[in-house]
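Peer 1: Dropping a structure here in structure tokens format, bear with me for questions.
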Amino acid sequence: MVLREERREQQIEQGERGDRLVFRKADNADAEEIARQNAIYFGEAGDTLLPEEEEKRGMMIYLAEKAGATIGKFHLQMSSGAGGIFGLGVLPEHQGQGFGRELLLQAVEKLQEAKMKDIFLQVAADNARALQLYKSCGFQETSIMDYFEAAP
């Protein structure tokens with residue numbers, strides 16, 4: 001499912017995020033942590049992403065930390081005035097405390113600072129908690145895509 005952010009003219013107030021987390025751009029030393037989180041959130045071991053190489057291709061990865069411990073992440077991609085949010089997740093032991101909202105709002109803020117006119121994200125259509133969060137933050141559904149696996 002693809003959602004588009006409809007509050008693009010509205011700036012997010014600093015206090016709206018809560019400011020309980022520290023966000024930092026990931027570097028190559030974070031590759032294992034990013035792979036670990038991807039496996040938890042998306043069930044995929046996949047290739048190990050090297051953040052510094054990903055940035056050369058236009059994808060920036062940010063880690064969210066609380067009290068020095070990494071608790072979540074998101075990826076941003078910008079192209080031709082449109083910004084995408086991908087791979088957003090909060091570790092299970094930290095869910096249900098508003099950190100997902102804080103990550104999402106930080107991602108939107110970074111894209112607004114970069115003057116992205118359109119902001120979009122992808123989410124699994126069966127991820128009800130994520131859908132509720134995204135819609136409560138001003139995103140609207142724009143399309144639904146089905147993915148199929150090739151037969152062996």
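Ordering of the structure tokens sets the chain letters (A, B, ...); residue numbers start at 1 within each chain; ligands are numbered from 1 in the order shown.
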Please, which residues of region 20-131 of chain A, numbered as in this document, come out helix (DSSP H, G or I) from DSSP, as a ChimeraX atom specification?
Peer 2: /A:28-42,51-56,92-94,99-113,128-131
Peer 1: My list of candidates is A:Lys135, A:Lys56, A:Arg129, A:Arg20. Which is closest to Gln95 (chain A) when distances are computed with only C-alpha atoms?
Peer 2: A:Arg129
Peer 1: Tell me which of A:His94, A:Lys73, A:Arg101, A:Lys117 sits closest to Arg24 (chain A), counting only C-alpha atoms.
Peer 2: A:Lys73
Peer 1: From the options A:Phe86, A:Phe120, A:Phe99, A:Tyr134, which residue's atoms come nearest to Ile71 (chain A), counting only C-alpha atoms?
Peer 2: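 Ranked by minimum distance to Ile71 (chain A), first place goes to A:Phe99.
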Peer 1: In chain A, what's strand (DSSP E or B) per DSSP? Answer as a PyMOL selection string?
Peer 2: chain A and resi 2-5+22-25+59-66+69-79+82-90+118-122+139-143
